[in-house]
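Structure file query.cif; described as mmCIF, C-alpha atoms.
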data_query
#
loop_
_atom_site.label_atom_id
_atom_site.label_comp_id
_atom_site.auth_asym_id
_atom_site.auth_seq_id
_atom_site.Cartn_x
_atom_site.Cartn_y
_atom_site.Cartn_z
CA MET A 1 -20.69 -37.98 18.45
CA GLY A 2 -21.25 -34.39 17.32
CA ILE A 3 -24.15 -31.97 17.29
CA GLU A 4 -26.73 -34.77 17.72
CA ASP A 5 -25.48 -35.03 21.31
CA PHE A 6 -26.27 -31.37 22.03
CA ILE A 7 -28.27 -30.89 25.23
CA PRO A 8 -30.51 -27.82 24.86
CA SER A 9 -30.72 -25.05 27.44
CA ASN A 10 -34.03 -23.40 28.30
CA ASN A 11 -33.15 -20.49 26.03
CA VAL A 12 -33.76 -20.73 22.28
CA ARG A 13 -31.37 -17.89 21.44
CA LEU A 14 -28.58 -19.42 23.49
CA ASP A 15 -29.12 -22.78 21.80
CA GLN A 16 -28.85 -21.12 18.40
CA GLN A 17 -25.58 -19.47 19.42
CA LEU A 18 -24.11 -22.65 20.88
CA LYS A 19 -25.10 -24.73 17.87
CA PHE A 20 -23.70 -22.11 15.50
CA THR A 21 -20.46 -22.33 17.48
CA ALA A 22 -20.37 -26.09 16.93
CA GLU A 23 -21.23 -25.65 13.24
CA ILE A 24 -18.42 -23.23 12.46
CA ASP A 25 -15.91 -25.72 13.86
CA LYS A 26 -16.21 -27.22 10.36
CA MET A 27 -13.84 -24.47 9.23
CA THR A 28 -11.07 -26.71 10.58
CA GLY A 29 -11.88 -29.18 7.81
CA ILE A 30 -11.90 -26.74 4.88
CA LEU A 31 -8.45 -27.08 3.37
CA ARG A 32 -6.78 -24.29 1.44
CA ARG A 33 -4.09 -24.69 -1.21
CA THR A 34 -1.55 -22.84 0.91
CA MET A 35 0.96 -24.84 2.93
CA LEU A 36 1.87 -24.06 6.52
CA VAL A 37 5.19 -22.22 6.83
CA ASP A 38 6.95 -25.45 7.88
CA GLY A 39 5.67 -27.18 4.74
CA SER A 40 4.16 -30.03 6.75
CA ARG A 41 0.61 -29.83 5.39
CA ARG A 42 -2.03 -27.57 3.88
CA GLU A 43 -3.56 -24.99 6.19
CA ASN A 44 -7.28 -24.88 6.89
CA ASP A 45 -9.73 -21.99 6.96
CA ALA A 46 -9.79 -21.70 10.76
CA GLU A 47 -6.01 -21.39 10.90
CA HIS A 48 -5.89 -18.94 8.00
CA SER A 49 -8.64 -16.76 9.48
CA TRP A 50 -6.89 -16.64 12.84
CA HIS A 51 -3.58 -15.83 11.23
CA ILE A 52 -4.81 -12.86 9.21
CA ALA A 53 -6.89 -11.51 12.12
CA VAL A 54 -3.73 -11.39 14.24
CA MET A 55 -1.82 -9.74 11.39
CA ALA A 56 -4.48 -7.05 11.23
CA LEU A 57 -3.31 -5.95 14.69
CA TYR A 58 0.14 -4.81 13.56
CA PHE A 59 0.32 -3.88 9.84
CA LYS A 60 -1.84 -0.76 9.92
CA GLU A 61 1.04 1.72 9.69
CA TYR A 62 1.57 0.96 6.00
CA CYS A 63 -1.96 1.87 4.90
CA VAL A 64 -2.52 4.94 2.74
CA ALA A 65 -5.83 5.69 4.49
CA PRO A 66 -7.11 5.37 8.09
CA VAL A 67 -8.37 1.96 9.16
CA ASP A 68 -10.16 0.60 12.20
CA ILE A 69 -8.10 -2.49 12.96
CA GLU A 70 -10.75 -3.98 15.26
CA ARG A 71 -13.37 -3.88 12.50
CA ALA A 72 -10.86 -5.25 10.02
CA ALA A 73 -9.94 -8.06 12.42
CA LYS A 74 -13.62 -8.97 12.76
CA MET A 75 -13.86 -9.16 8.96
CA CYS A 76 -10.80 -11.40 8.91
CA LEU A 77 -12.43 -13.69 11.47
CA VAL A 78 -15.62 -14.19 9.46
CA HIS A 79 -14.51 -13.63 5.84
CA ASP A 80 -14.30 -17.34 4.98
CA LEU A 81 -17.18 -18.71 7.07
CA ILE A 82 -19.34 -19.24 4.00
CA GLU A 83 -16.76 -21.74 2.73
CA ILE A 84 -18.22 -24.24 5.20
CA TYR A 85 -20.90 -24.75 2.54
CA ALA A 86 -19.35 -23.15 -0.57
CA GLY A 87 -15.90 -24.71 -0.20
CA ASP A 88 -12.60 -22.93 -0.74
CA THR A 89 -12.35 -21.39 -4.20
CA PHE A 90 -8.71 -21.30 -5.20
CA ALA A 91 -7.67 -17.81 -6.27
CA TYR A 92 -5.80 -19.10 -9.32
CA ASP A 93 -8.57 -21.35 -10.66
CA PRO A 94 -10.56 -19.34 -13.26
CA GLU A 95 -13.21 -22.06 -13.78
CA ALA A 96 -14.12 -22.33 -10.11
CA ASN A 97 -14.27 -18.56 -9.80
CA LYS A 98 -17.04 -18.27 -12.41
CA ASP A 99 -19.89 -19.32 -10.12
CA LYS A 100 -18.15 -18.33 -6.86
CA ALA A 101 -20.44 -15.38 -6.06
CA GLN A 102 -23.59 -17.45 -6.55
CA ARG A 103 -22.33 -20.39 -4.48
CA GLU A 104 -21.20 -18.11 -1.70
CA ALA A 105 -24.44 -16.12 -1.49
CA ALA A 106 -26.41 -19.37 -1.13
CA ALA A 107 -23.95 -20.52 1.54
CA ALA A 108 -24.36 -17.24 3.40
CA ASP A 109 -28.16 -17.62 3.36
CA LYS A 110 -27.80 -21.02 4.96
CA LEU A 111 -25.08 -20.14 7.44
CA PHE A 112 -26.07 -16.81 8.91
CA ALA A 113 -29.70 -17.89 9.35
CA GLN A 114 -28.48 -20.17 12.13
CA LEU A 115 -27.74 -17.22 14.42
CA PRO A 116 -30.39 -14.95 15.97
CA ASP A 117 -31.55 -12.58 13.22
CA GLU A 118 -29.69 -9.40 14.10
CA GLN A 119 -26.46 -11.27 14.85
CA GLY A 120 -26.61 -13.22 11.61
CA SER A 121 -27.22 -9.97 9.72
CA GLU A 122 -24.29 -8.30 11.44
CA LEU A 123 -21.81 -11.06 10.58
CA ARG A 124 -23.17 -11.27 7.05
CA ALA A 125 -22.73 -7.53 6.62
CA LEU A 126 -19.10 -7.85 7.71
CA TRP A 127 -18.54 -10.62 5.17
CA GLU A 128 -20.25 -8.62 2.40
CA GLU A 129 -18.21 -5.54 3.23
CA PHE A 130 -15.04 -7.64 3.10
CA ASP A 131 -16.05 -9.17 -0.18
CA ALA A 132 -16.90 -5.83 -1.84
CA MET A 133 -13.42 -4.51 -0.91
CA GLU A 134 -14.57 -0.90 -1.08
CA THR A 135 -14.18 0.47 2.43
CA ASN A 136 -10.77 1.10 3.96
CA ASP A 137 -11.33 -1.55 6.61
CA ALA A 138 -12.23 -4.09 3.93
CA LYS A 139 -9.21 -3.14 1.85
CA TYR A 140 -6.95 -3.61 4.84
CA ALA A 141 -8.52 -6.99 5.65
CA ALA A 142 -8.14 -7.98 2.00
CA CYS A 143 -4.46 -7.03 2.13
CA MET A 144 -3.99 -9.38 5.10
CA ASP A 145 -5.87 -12.08 3.19
CA ARG A 146 -3.47 -11.68 0.25
CA LEU A 147 -0.23 -11.11 2.18
CA GLN A 148 -0.44 -14.18 4.41
CA PRO A 149 -0.61 -16.84 1.66
CA PHE A 150 1.92 -14.80 -0.34
CA LEU A 151 4.35 -14.96 2.59
CA HIS A 152 3.69 -18.69 2.97
CA ASN A 153 4.35 -19.22 -0.73
CA THR A 154 7.68 -17.42 -0.51
CA LEU A 155 8.68 -19.64 2.43
CA THR A 156 7.52 -22.92 0.86
CA GLN A 157 9.36 -22.58 -2.44
CA GLY A 158 6.36 -21.29 -4.32
CA HIS A 159 4.26 -24.32 -3.48
CA THR A 160 0.82 -23.18 -4.61
CA TRP A 161 2.18 -21.14 -7.52
CA ILE A 162 3.95 -24.17 -8.91
CA GLY A 163 0.96 -26.41 -8.20
CA SER A 164 -1.37 -24.13 -10.15
CA ASP A 165 1.10 -23.42 -12.97
CA THR A 166 0.30 -19.72 -12.68
CA CYS A 167 2.13 -16.65 -13.96
CA ARG A 168 3.46 -13.33 -12.75
CA ALA A 169 0.51 -11.36 -14.12
CA ASN A 170 -2.00 -13.46 -12.14
CA VAL A 171 -0.13 -12.97 -8.90
CA GLU A 172 0.22 -9.25 -9.59
CA LYS A 173 -3.53 -9.04 -10.14
CA ARG A 174 -4.18 -10.90 -6.89
CA MET A 175 -1.80 -8.60 -5.01
CA ALA A 176 -3.05 -5.38 -6.65
CA ILE A 177 -4.93 -4.34 -3.51
CA VAL A 178 -1.65 -4.39 -1.56
CA LYS A 179 -0.05 -2.21 -4.23
CA GLU A 180 -2.92 0.26 -3.95
CA PHE A 181 -3.45 0.27 -0.20
CA MET A 182 -0.03 -0.66 1.26
CA PRO A 183 2.54 0.48 -1.34
CA GLU A 184 5.49 0.22 1.06
CA VAL A 185 4.66 -3.43 1.66
CA TYR A 186 4.20 -3.97 -2.05
CA LYS A 187 7.87 -3.17 -2.64
CA TRP A 188 8.67 -6.32 -0.69
CA VAL A 189 5.97 -8.21 -2.59
CA GLU A 190 7.46 -7.15 -5.91
CA LYS A 191 10.95 -8.21 -4.85
CA ASN A 192 9.55 -11.64 -4.04
CA ILE A 193 7.63 -11.90 -7.30
CA ASP A 194 10.89 -11.16 -9.13
CA HIS A 195 12.58 -13.90 -7.14
CA ALA A 196 9.74 -16.36 -7.75
CA VAL A 197 10.01 -15.83 -11.51
CA GLU A 198 13.81 -16.24 -11.41
CA ALA A 199 13.46 -19.39 -9.35
CA GLY A 200 10.95 -20.82 -11.83
CA TRP A 201 8.09 -20.88 -9.29
CA LEU A 202 6.10 -18.47 -11.44
CA LYS A 203 5.91 -18.22 -15.21
CA ALA A 204 7.18 -14.85 -16.45
CA MET B 205 11.97 -24.42 3.38
CA GLY B 206 10.75 -22.02 6.05
CA ILE B 207 11.97 -18.75 7.52
CA GLU B 208 15.54 -19.28 6.25
CA ASP B 209 14.14 -18.53 2.78
CA PHE B 210 12.84 -15.11 3.87
CA ILE B 211 13.86 -12.32 1.50
CA PRO B 212 14.24 -9.07 3.47
CA SER B 213 12.67 -5.80 2.44
CA ASN B 214 14.51 -2.50 2.85
CA ASN B 215 12.57 -1.82 6.04
CA VAL B 216 13.69 -3.35 9.35
CA ARG B 217 10.31 -2.87 11.03
CA LEU B 218 8.47 -4.52 8.17
CA ASP B 219 10.88 -7.45 8.24
CA GLN B 220 10.25 -7.89 11.96
CA GLN B 221 6.49 -7.90 11.36
CA LEU B 222 6.69 -10.33 8.45
CA LYS B 223 8.98 -12.70 10.35
CA PHE B 224 6.76 -12.53 13.41
CA THR B 225 3.88 -13.49 11.13
CA ALA B 226 5.80 -16.54 9.94
CA GLU B 227 6.80 -17.41 13.53
CA ILE B 228 3.27 -17.43 14.91
CA ASP B 229 2.22 -19.93 12.25
CA LYS B 230 3.73 -22.42 14.74
CA MET B 231 0.43 -22.12 16.63
CA THR B 232 -0.93 -24.60 14.08
CA GLY B 233 1.39 -27.22 15.55
CA ILE B 234 0.53 -26.72 19.23
CA LEU B 235 -2.02 -29.42 19.96
CA ARG B 236 -4.62 -29.09 22.69
CA ARG B 237 -6.34 -31.93 24.51
CA THR B 238 -9.72 -30.95 23.13
CA MET B 239 -11.09 -32.83 20.11
CA LEU B 240 -12.74 -31.12 17.15
CA VAL B 241 -16.54 -31.35 17.26
CA ASP B 242 -16.50 -34.14 14.67
CA GLY B 243 -14.12 -36.15 16.86
CA SER B 244 -11.63 -36.58 14.00
CA ARG B 245 -8.56 -35.21 15.75
CA ARG B 246 -7.27 -32.85 18.45
CA GLU B 247 -7.60 -29.15 17.74
CA ASN B 248 -4.60 -26.85 17.67
CA ASP B 249 -4.02 -23.43 19.21
CA ALA B 250 -4.62 -21.50 15.98
CA GLU B 251 -8.00 -23.16 15.49
CA HIS B 252 -8.98 -22.70 19.13
CA SER B 253 -7.96 -19.03 19.15
CA TRP B 254 -9.95 -18.35 15.99
CA HIS B 255 -12.97 -20.18 17.34
CA ILE B 256 -13.17 -18.26 20.62
CA ALA B 257 -12.50 -14.91 18.91
CA VAL B 258 -15.52 -15.50 16.67
CA MET B 259 -17.60 -16.55 19.67
CA ALA B 260 -16.71 -13.26 21.36
CA LEU B 261 -18.72 -11.53 18.64
CA TYR B 262 -22.07 -12.96 19.68
CA PHE B 263 -22.22 -14.02 23.36
CA LYS B 264 -21.99 -10.58 24.96
CA GLU B 265 -25.68 -10.36 25.90
CA TYR B 266 -25.26 -12.82 28.77
CA CYS B 267 -22.59 -10.83 30.60
CA VAL B 268 -23.41 -9.25 33.95
CA ALA B 269 -21.22 -6.21 33.16
CA PRO B 270 -20.46 -4.19 30.00
CA VAL B 271 -17.77 -5.58 27.71
CA ASP B 272 -15.96 -4.30 24.64
CA ILE B 273 -16.21 -7.28 22.32
CA GLU B 274 -13.50 -6.01 19.97
CA ARG B 275 -10.96 -5.79 22.80
CA ALA B 276 -12.06 -9.20 24.06
CA ALA B 277 -11.72 -10.67 20.56
CA LYS B 278 -8.17 -9.30 20.35
CA MET B 279 -7.36 -11.00 23.65
CA CYS B 280 -8.80 -14.24 22.31
CA LEU B 281 -6.58 -13.95 19.23
CA VAL B 282 -3.35 -13.56 21.22
CA HIS B 283 -4.11 -15.33 24.52
CA ASP B 284 -2.27 -18.55 23.62
CA LEU B 285 0.59 -17.16 21.53
CA ILE B 286 3.12 -17.78 24.30
CA GLU B 287 2.36 -21.50 23.99
CA ILE B 288 4.56 -21.49 20.88
CA TYR B 289 7.45 -21.68 23.37
CA ALA B 290 5.73 -22.68 26.63
CA GLY B 291 3.53 -25.43 25.18
CA ASP B 292 -0.11 -26.06 25.99
CA THR B 293 -0.65 -26.60 29.71
CA PHE B 294 -3.64 -28.85 30.18
CA ALA B 295 -6.19 -27.30 32.54
CA TYR B 296 -6.72 -30.55 34.43
CA ASP B 297 -3.02 -31.37 34.99
CA PRO B 298 -2.04 -30.04 38.45
CA GLU B 299 1.68 -30.90 38.05
CA ALA B 300 2.12 -28.99 34.79
CA ASN B 301 0.25 -26.01 36.20
CA LYS B 302 2.80 -25.53 39.02
CA ASP B 303 5.44 -23.83 36.87
CA LYS B 304 3.04 -22.54 34.21
CA ALA B 305 3.37 -18.84 35.10
CA GLN B 306 7.16 -18.95 35.03
CA ARG B 307 7.34 -20.84 31.73
CA GLU B 308 4.84 -18.52 30.12
CA ALA B 309 6.54 -15.31 31.24
CA ALA B 310 9.82 -16.52 29.73
CA ALA B 311 8.00 -17.45 26.54
CA ALA B 312 6.41 -13.99 26.40
CA ASP B 313 9.82 -12.34 26.76
CA LYS B 314 11.08 -14.32 23.78
CA LEU B 315 7.98 -13.97 21.61
CA PHE B 316 6.92 -10.37 21.92
CA ALA B 317 10.50 -9.09 21.52
CA GLN B 318 10.25 -10.16 17.89
CA LEU B 319 7.82 -7.36 17.07
CA PRO B 320 8.69 -3.65 17.06
CA ASP B 321 8.80 -2.54 20.70
CA GLU B 322 5.49 -0.75 21.08
CA GLN B 323 3.62 -3.45 19.16
CA GLY B 324 5.17 -6.25 21.19
CA SER B 325 4.26 -4.39 24.38
CA GLU B 326 0.69 -3.90 23.22
CA LEU B 327 0.12 -7.58 22.43
CA ARG B 328 1.86 -8.61 25.63
CA ALA B 329 -0.38 -6.29 27.63
CA LEU B 330 -3.45 -7.89 26.04
CA TRP B 331 -2.16 -11.34 26.99
CA GLU B 332 -1.37 -10.23 30.55
CA GLU B 333 -4.79 -8.66 30.91
CA PHE B 334 -6.39 -11.88 29.69
CA ASP B 335 -4.31 -13.94 32.05
CA ALA B 336 -5.09 -11.79 35.12
CA MET B 337 -8.83 -12.21 34.42
CA GLU B 338 -9.70 -9.04 36.34
CA THR B 339 -11.20 -6.66 33.78
CA ASN B 340 -14.61 -7.27 32.26
CA ASP B 341 -13.12 -7.75 28.79
CA ALA B 342 -10.70 -10.35 30.15
CA LYS B 343 -13.48 -12.12 32.03
CA TYR B 344 -15.54 -12.31 28.88
CA ALA B 345 -12.57 -13.62 26.85
CA ALA B 346 -11.91 -16.16 29.60
CA CYS B 347 -15.54 -17.30 29.44
CA MET B 348 -15.13 -17.95 25.69
CA ASP B 349 -11.90 -19.82 26.43
CA ARG B 350 -13.75 -22.07 28.90
CA LEU B 351 -17.03 -22.45 27.02
CA GLN B 352 -15.57 -23.61 23.71
CA PRO B 353 -13.70 -26.70 24.99
CA PHE B 354 -16.63 -27.39 27.33
CA LEU B 355 -19.00 -27.45 24.34
CA HIS B 356 -16.56 -29.68 22.44
CA ASN B 357 -16.37 -32.06 25.40
CA THR B 358 -20.14 -32.34 25.57
CA LEU B 359 -20.23 -33.18 21.84
CA THR B 360 -17.36 -35.69 21.93
CA GLN B 361 -18.66 -37.86 24.75
CA GLY B 362 -16.53 -36.19 27.40
CA HIS B 363 -13.32 -36.99 25.57
CA THR B 364 -10.84 -34.87 27.55
CA TRP B 365 -12.64 -35.36 30.87
CA ILE B 366 -12.41 -39.13 30.51
CA GLY B 367 -8.82 -38.93 29.30
CA SER B 368 -7.77 -36.94 32.33
CA ASP B 369 -9.85 -38.92 34.81
CA THR B 370 -11.12 -35.66 36.29
CA CYS B 371 -14.07 -34.91 38.56
CA ARG B 372 -17.07 -32.62 38.79
CA ALA B 373 -15.40 -30.26 41.27
CA ASN B 374 -12.46 -29.63 38.91
CA VAL B 375 -14.72 -28.80 36.01
CA GLU B 376 -16.84 -26.54 38.21
CA LYS B 377 -13.69 -24.72 39.30
CA ARG B 378 -12.60 -24.31 35.69
CA MET B 379 -16.06 -23.01 34.72
CA ALA B 380 -16.44 -20.70 37.77
CA ILE B 381 -15.78 -17.59 35.69
CA VAL B 382 -18.79 -18.45 33.51
CA LYS B 383 -20.92 -18.86 36.63
CA GLU B 384 -19.79 -15.44 37.87
CA PHE B 385 -19.84 -13.51 34.59
CA MET B 386 -22.44 -15.29 32.45
CA PRO B 387 -24.86 -16.93 34.91
CA GLU B 388 -27.55 -17.56 32.27
CA VAL B 389 -25.05 -19.57 30.24
CA TYR B 390 -23.91 -21.37 33.36
CA LYS B 391 -27.36 -22.92 33.75
CA TRP B 392 -26.66 -24.78 30.51
CA VAL B 393 -23.15 -25.64 31.71
CA GLU B 394 -24.52 -27.09 34.93
CA LYS B 395 -27.08 -29.18 33.06
CA ASN B 396 -24.25 -30.62 31.01
CA ILE B 397 -22.06 -31.29 34.04
CA ASP B 398 -24.97 -33.24 35.56
CA HIS B 399 -25.26 -35.22 32.36
CA ALA B 400 -21.50 -35.84 32.19
CA VAL B 401 -21.52 -37.27 35.71
CA GLU B 402 -24.54 -39.46 34.94
CA ALA B 403 -22.88 -40.70 31.75
CA GLY B 404 -19.70 -41.56 33.64
CA TRP B 405 -17.57 -39.01 31.75
CA LEU B 406 -16.84 -37.17 34.99
CA LYS B 407 -16.33 -38.56 38.47
CA ALA B 408 -18.98 -37.29 40.91
#
Output the file's structure as structure tokens, nothing else.
Amino acid sequence: MGIEDFIPSNNVRLDQQLKFTAEIDKMTGILRRTMLVDGSRRENDAEHSWHIAVMALYFKEYCVAPVDIERAAKMCLVHDLIEIYAGDTFAYDPEANKDKAQREAAAADKLFAQLPDEQGSELRALWEEFDAMETNDAKYAACMDRLQPFLHNTLTQGHTWIGSDTCRANVEKRMAIVKEFMPEVYKWVEKNIDHAVEAGWLKA
Amino acid sequence: MGIEDFIPSNNVRLDQQLKFTAEIDKMTGILRRTMLVDGSRRENDAEHSWHIAVMALYFKEYCVAPVDIERAAKMCLVHDLIEIYAGDTFAYDPEANKDKAQREAAAADKLFAQLPDEQGSELRALWEEFDAMETNDAKYAACMDRLQPFLHNTLTQGHTWIGSDTCRANVEKRMAIVKEFMPEVYKWVEKNIDHAVEAGWLKA
């Protein structure tokens, strides 16, 4: 069972695209630290990527600069694909973050080479743009990527904050892009950080 | 734990958008009949929606008419949202399909009303366009929605076909949009239908 049962077409490009489609299904097995809103289990990368891509469709109005929500949504869709090989690097784990860039670049080499050249390059460029967080579209996508687990944390009694024994300053650093790019939303973030510290979910 | 712990902002619109975000996380609990490629478990609506939205980024070249892949990807992202309230209606279950339209319209009324008006209307319009399958973008999104579970079935020894005791004609009907809109891809589909019948996964 699995890709070994794949029956090729008569078209090499199409086979590449179909096999890539099967390969990225592995995103469903990459677990994140974040819990689902109902607290039943940890979410996976496929679910997270879907969730933030949908969010990108309706949070634009809070941005301090113009964004192309379709481009941002595409970044959201592909921003974690490299974790199929590099694994999920937890935002509040300083050790794991040391070699993150290196692991992820190697993963990208392996992953995007499975698509026809120009398509692999296009998706890789979207991921690199997301990762650099310099363009407005990338900043917006990054805000979605930060806001969603933040929201989940607030609704699951600070689950990942408590689990990682992290502090206010670390969360503020993680959420800094929201402060910069979506200040109105950051007011709500700040209110929740205050609450998380009061509730003992975050160290002061 | 859950939405009852939501701390409001000072902005009613923002609260609607944040709560909608929490609400649609329920997509992770709507199970489909399709298995993941590795056969480990059934996929859920969030995973499926993510998967077909990514696919929409790189299958365009096979379409017989021009498509806007960004619009199609947006349709893919939202096409199953109403299943949060209407449930997943299995394609090969004729009974459940009888009242599908009615159940889904009621679900849409409930769901999209949770967003600010114009945003709810916009997402609902995308869903309705997808569902009507008349525009090129909707046809392309529908092809992704058919191709992905088809690919999974071929890689999981016909799991959902066997489970539903279905036949070649039903699968051909389900895949007709691919035949019409992506005939080059349909050649591969047909080859796999032949194989599925030979293997006993599908009745002749």
What are the closest atom pairs, with distances in Å to one decimal, for all residues of chain A lying within 6 Å of chain B? Consider all atoms listed in the file, order rows by chain and residue number, and present the result as a Markdown table.
| residue | atom | partner | partner_atom | distance |
| --- | --- | --- | --- | --- |
| A:Met1 | CA | B:Thr360 | CA | 5.3 |
| A:Gly2 | CA | B:Leu359 | CA | 4.8 |
| A:Asp5 | CA | B:Leu359 | CA | 5.6 |
| A:Ser9 | CA | B:Trp392 | CA | 5.1 |
| A:Val37 | CA | B:Gly206 | CA | 5.6 |
| A:Asp38 | CA | B:Gly206 | CA | 5.4 |
| A:Ala46 | CA | B:Glu251 | CA | 5.3 |
| A:Glu47 | CA | B:Ala250 | CA | 5.3 |
| A:Trp50 | CA | B:Trp254 | CA | 4.7 |
| A:Glu70 | CA | B:Glu274 | CA | 5.8 |
| A:Leu155 | CA | B:Gly206 | CA | 4.8 |
| A:Thr156 | CA | B:Met205 | CA | 5.3 |
| A:Trp188 | CA | B:Ser213 | CA | 5.1 |
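For the structure in this document, the set picked by the PyMOL selection byres ((chain A and resi 162) around 12) is Arg33, Thr34, Tyr92, Asn153, Thr154, Thr156, Gln157, Gly158, His159, Thr160, Trp161, Gly163, Ser164, Asp165, Thr166, Cys167, Arg168, Val171, Ala196, Val197, Ala199, Gly200, Trp201, Leu202 and Lys203 of chain A.
Residue nearest Leu315 in chain B within the list B:Ala260, B:Val268, B:Val216, B:Ala290: B:Ala290 [criterion: smallest interatomic distance, only C-alpha atoms].
Here CA of Ile193 in chain A stands at a distance of 17.2 Å from CA of Met144 in chain A.
What separates CA of Pro387 in chain B from CA of Leu285 in chain B is a distance of 28.8 Å.
Among the candidates B:Arg378, B:Ala276, B:Lys314, B:Asp303, the one nearest to Trp331 in chain B when counting all atoms listed in the file is B:Ala276.
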| field | Residues returned when the PyMOL selection byres ((chain A and resi 101-108) around 12) runs on this file, as a PyMOL selection string | value | chain A and resi 78-89+96-100+109-115+120-121+123-128+131-132
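What separates CA of Asp272 in chain B from CA of Ala342 in chain B is a distance of 9.7 Å.
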Please supply range 183-188 of chain A, rebuilt with all heavy atoms, as a PDB file, keeping the file's coordinate frame.
ATOM      1  N   PRO A 183       1.461   0.460  -0.331  1.00  0.00           N
ATOM      2  CA  PRO A 183       2.540   0.480  -1.340  1.00  0.00           C
ATOM      3  C   PRO A 183       3.920   0.132  -0.774  1.00  0.00           C
ATOM      4  O   PRO A 183       4.716  -0.501  -1.462  1.00  0.00           O
ATOM      5  CB  PRO A 183       2.486   1.913  -1.893  1.00  0.00           C
ATOM      6  CG  PRO A 183       1.622   2.688  -0.952  1.00  0.00           C
ATOM      7  CD  PRO A 183       0.713   1.733  -0.281  1.00  0.00           C
ATOM      8  N   GLU A 184       4.182   0.525   0.461  1.00  0.00           N
ATOM      9  CA  GLU A 184       5.490   0.220   1.060  1.00  0.00           C
ATOM     10  C   GLU A 184       5.678  -1.295   1.189  1.00  0.00           C
ATOM     11  O   GLU A 184       6.767  -1.823   0.953  1.00  0.00           O
ATOM     12  CB  GLU A 184       5.592   0.907   2.435  1.00  0.00           C
ATOM     13  CG  GLU A 184       6.776   0.500   3.295  1.00  0.00           C
ATOM     14  CD  GLU A 184       8.098   1.120   2.826  1.00  0.00           C
ATOM     15  OE1 GLU A 184       8.065   2.046   1.983  1.00  0.00           O
ATOM     16  OE2 GLU A 184       9.160   0.659   3.282  1.00  0.00           O
ATOM     17  N   VAL A 185       4.598  -1.978   1.537  1.00  0.00           N
ATOM     18  CA  VAL A 185       4.660  -3.430   1.660  1.00  0.00           C
ATOM     19  C   VAL A 185       4.775  -4.059   0.269  1.00  0.00           C
ATOM     20  O   VAL A 185       5.430  -5.091   0.089  1.00  0.00           O
ATOM     21  CB  VAL A 185       3.422  -3.978   2.408  1.00  0.00           C
ATOM     22  CG1 VAL A 185       3.440  -5.500   2.469  1.00  0.00           C
ATOM     23  CG2 VAL A 185       3.350  -3.389   3.813  1.00  0.00           C
ATOM     24  N   TYR A 186       4.159  -3.405  -0.703  1.00  0.00           N
ATOM     25  CA  TYR A 186       4.200  -3.970  -2.050  1.00  0.00           C
ATOM     26  C   TYR A 186       5.615  -4.020  -2.631  1.00  0.00           C
ATOM     27  O   TYR A 186       5.929  -4.894  -3.442  1.00  0.00           O
ATOM     28  CB  TYR A 186       3.272  -3.200  -3.011  1.00  0.00           C
ATOM     29  CG  TYR A 186       3.057  -3.983  -4.289  1.00  0.00           C
ATOM     30  CD1 TYR A 186       2.214  -5.089  -4.322  1.00  0.00           C
ATOM     31  CD2 TYR A 186       3.767  -3.667  -5.454  1.00  0.00           C
ATOM     32  CE1 TYR A 186       2.052  -5.842  -5.472  1.00  0.00           C
ATOM     33  CE2 TYR A 186       3.607  -4.413  -6.608  1.00  0.00           C
ATOM     34  CZ  TYR A 186       2.750  -5.498  -6.617  1.00  0.00           C
ATOM     35  OH  TYR A 186       2.595  -6.259  -7.751  1.00  0.00           O
ATOM     36  N   LYS A 187       6.471  -3.100  -2.179  1.00  0.00           N
ATOM     37  CA  LYS A 187       7.870  -3.170  -2.640  1.00  0.00           C
ATOM     38  C   LYS A 187       8.471  -4.531  -2.308  1.00  0.00           C
ATOM     39  O   LYS A 187       9.182  -5.124  -3.111  1.00  0.00           O
ATOM     40  CB  LYS A 187       8.706  -2.069  -1.964  1.00  0.00           C
ATOM     41  CG  LYS A 187       8.404  -0.675  -2.422  1.00  0.00           C
ATOM     42  CD  LYS A 187       9.385   0.301  -1.733  1.00  0.00           C
ATOM     43  CE  LYS A 187       8.834   1.712  -1.672  1.00  0.00           C
ATOM     44  NZ  LYS A 187       9.586   2.555  -0.711  1.00  0.00           N
ATOM     45  N   TRP A 188       8.174  -5.003  -1.108  1.00  0.00           N
ATOM     46  CA  TRP A 188       8.670  -6.320  -0.690  1.00  0.00           C
ATOM     47  C   TRP A 188       7.996  -7.428  -1.506  1.00  0.00           C
ATOM     48  O   TRP A 188       8.634  -8.404  -1.915  1.00  0.00           O
ATOM     49  CB  TRP A 188       8.415  -6.516   0.822  1.00  0.00           C
ATOM     50  CG  TRP A 188       8.704  -7.906   1.298  1.00  0.00           C
ATOM     51  CD1 TRP A 188       9.939  -8.429   1.603  1.00  0.00           C
ATOM     52  CD2 TRP A 188       7.763  -8.963   1.495  1.00  0.00           C
ATOM     53  NE1 TRP A 188       9.800  -9.750   1.973  1.00  0.00           N
ATOM     54  CE2 TRP A 188       8.486 -10.103   1.925  1.00  0.00           C
ATOM     55  CE3 TRP A 188       6.367  -9.066   1.349  1.00  0.00           C
ATOM     56  CZ2 TRP A 188       7.863 -11.321   2.206  1.00  0.00           C
ATOM     57  CZ3 TRP A 188       5.756 -10.270   1.629  1.00  0.00           C
ATOM     58  CH2 TRP A 188       6.493 -11.381   2.059  1.00  0.00           C
TER      59      TRP A 188
END
